[in-house]
Structure formats: structure tokens, C-alpha cells
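Visitor: Could you have a look at this structure, given as C-alpha cells, before my questions?
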Amino acid sequence: MKTMRAIVVGQGNQPRLEALPEPELLEQRVVVEIRASALNHRDIWITKGLYPGIRLGAIMGSDGCGVLNGEDVIINPGLEWGNRQQHQSSEFRVLGVPDDGTFADKICISAAHVTPRPAHLTSLEAAALPLAGVTAYRALFSRAAAMGGEKVLITGIGGGVALMAMQFAIALGCEVYVTSSQQSKIDQALQMGAKAGWLYSQADWPAACIKETGGIDVVIDGACGPGFNQLIKCMAPGGRIAFYGATAGPIEKLNPQVVFWKQLSILGSTMGSPADFHNMVEFVNQSKVKPVIDKVFSLQDSPAAFARMAAGKQFGKIVFDHSL
């Protein structure tokens, strides 16, 4: 029996590197040899026991790039979306816990979830694309309907989705602005093409934003929480706020008068449909966007990789190189 390396959910929901049997080829599925994979915040939530459907022994990981029949491919991590573009089905879930994921040398998955790797990306870059890319694409394009020339604010720059949203918006021809808790991350975003940025820890940052921009058309947010009202202050009339996460908790004391007077739209967004994934890959191919890689680890060094993401030190995606 052939074995492979895999990072699984161990006792206490902690990641553990194990040797497991290679997956068997099932009907209407393919086996992809994984060359690189990438961490996401959901992996951290799993280690904290804060994600539904945690299964001990399940292989972790949602992002992956590998080889199928000699062709380089990436994997769409959104499972069982359903047949409605407007929202996912009740069966929707993200690859990697409870389903076996990409933090392994091989994965057995439906052929419908395998797409050719964009030719301008390395395997490491391509592994950083799927989950962050489709999440950012749906929030920016499908939900917020951003258009070239609009002013777009990306919150919490440095995370994978935030950076992809910034890169997509710049490629679209938008004026892009960012927030962060760290000036160094704002500085890096400016070097990549953002026009300005603000520390959201400073209470008066919305005033600086309004002075600089005259009002924001689109916000892409992954935090919500108490700071959401600060975003409302920054909006131009007719603006749209699309949020894909709530790392800072519930939205508190939202002032409805400002929302209806400015005719703002507040839009929830989750991952993306198969159409979103296809369109995202097409956009990446056309615009030649490259995901930002923060740091590369081996599977054996996974504790250090998880610790880096949990500490919020990354600017870009944390990637596993399976050749190491």
C-alpha cells in the first residue's frame, strides 16, 4: 500500500502531519498530484474549534495546484454550490474539513473542480489563487458590481482575499485605497498601486478618507465589527459595501438613516459559484494578476506556517511547497 504525507485535524483540533494511504480513484473523479497548497484563515478557525463540521482525521487545506495527466491544474475549493448564481445551496461547503483537502501529496476530487493553471503563474503562485481569488472576485464583481474609474476601499490589507481584491480592482482601472492596523502593510500596498491608506486604529481615519477621495464607491471588507460604522462614514451616495467575513464580530449600532439617505447597499458575499471561479480565472489570465506570496514552508514546517498566520504577520498567502 502506497502512502503519502498529509496534514490532518488531530486531537484538540490541532494540525498533525501523518502518513496516510494514497486516495483511491473513484467514479467520476480524478486524482491530482499536489505540488503546492496554501493556508487560509478557515484553517486557523478549525484549529480553534470555531468552524462547523470539524472531523478528526480529515485532511486540511482548501487551496491547491497540482498535476493531472501531465497538465498543471488548480482546484476550485467550493463544493456543491448548486444551480443558482445568486446564492449557494444548503449542501455547499469548502474543500478541506470535513472533506479531505489539499494539504496532502494527492487528492481525489471531481473532475469538474479541476481547471488548467494560468500559464503566467508558478505552481506556488497558482496554489495561492483559488479560495482568495474566487472570494475577492465575487465580492468585487458579482456582488458590488465595481466598475473602472470607481473609488474602491479594501480593508485589512495584507490578507489573501484583501490583496486579491486590491489587485483585481487595480487591474479593472479603479482608484484603490486601503486600511490596515500596520503602516508597513499600507506601505507595501502603496508600492503595488494603491493610492492611499489609513490606519483603522486611528479614530479620525474616515475624515482623512473623505478629504482624500470625496467619498468611496465600493468597499470590500472582511472584518465587520464595531469598525463597520466607520466604513459607512466614508461612502459616497449610491455606494456598495460587500463583506465576505466577520473577523471583528457583529456589526454594532448601525445608523439606518445614513444608509437609506445615501442609498447605500450592504451586501453579504460567500466564496463564489462555478461561474465566478471560471470568470475569475479568465480575468487573472487576461490581466496577468499574480497572487502575493508571503512565505513558503514545507509540510514538515506546518506548525511555523500556522503560527505565522495566527499571529497575523503575513502580507499575502502562506504557501506549502510539496517538493520540499
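Just so we're on the same page: first chain in the C-alpha cells is A, next is B, and so on; residues restart at 1 for each chain, and ligands are numbered from 1 in the order they show up.
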If DSSP is run on the backbone, what residues of region 23-237 of chain A are alpha helix (DSSP H)? A reply as number ranges by chain would be ideal.
Guide: A: 41-47, 123-127, 130-137, 160-172, 183-191, 205-213, 228-234
Visitor: Pick out the residues sitting within 12 Å of Lys2 (chain A), and hand them over as a list in words; count only C-alpha atoms, and ignore anything fewer than 5 positions along from it in its own chain.
Guide: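 So the residues in contact are Ala19, Leu20, Pro21, Glu22, Pro23, Glu24, Asp105 and Lys106 of chain A.
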Visitor: Quick one, how far is CA of Arg143 (chain A) from CA of Ser269 (chain A)?
Guide: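 Straight-line distance from CA of Arg143 (chain A) to CA of Ser269 (chain A) works out to 6.9 Å.
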Visitor: Would you pick out the contacts of Val319 (chain A) at 9 Å or less, using only C-alpha atoms, so that residues sharing its chain but fewer than 6 positions from it are not included, and give the list as a PyMOL selection string?
Guide: chain A and resi 36-39+124-125+127-128+293-298+305
Visitor: Can you list every residue in region 7-161 of chain A that DSSP puts in strand (DSSP E), as a ChimeraX atom specification?
Guide: /A:7-9,15-21,29-38,63-68,71-75,78-79,93-94,106-110,114-116,151-154
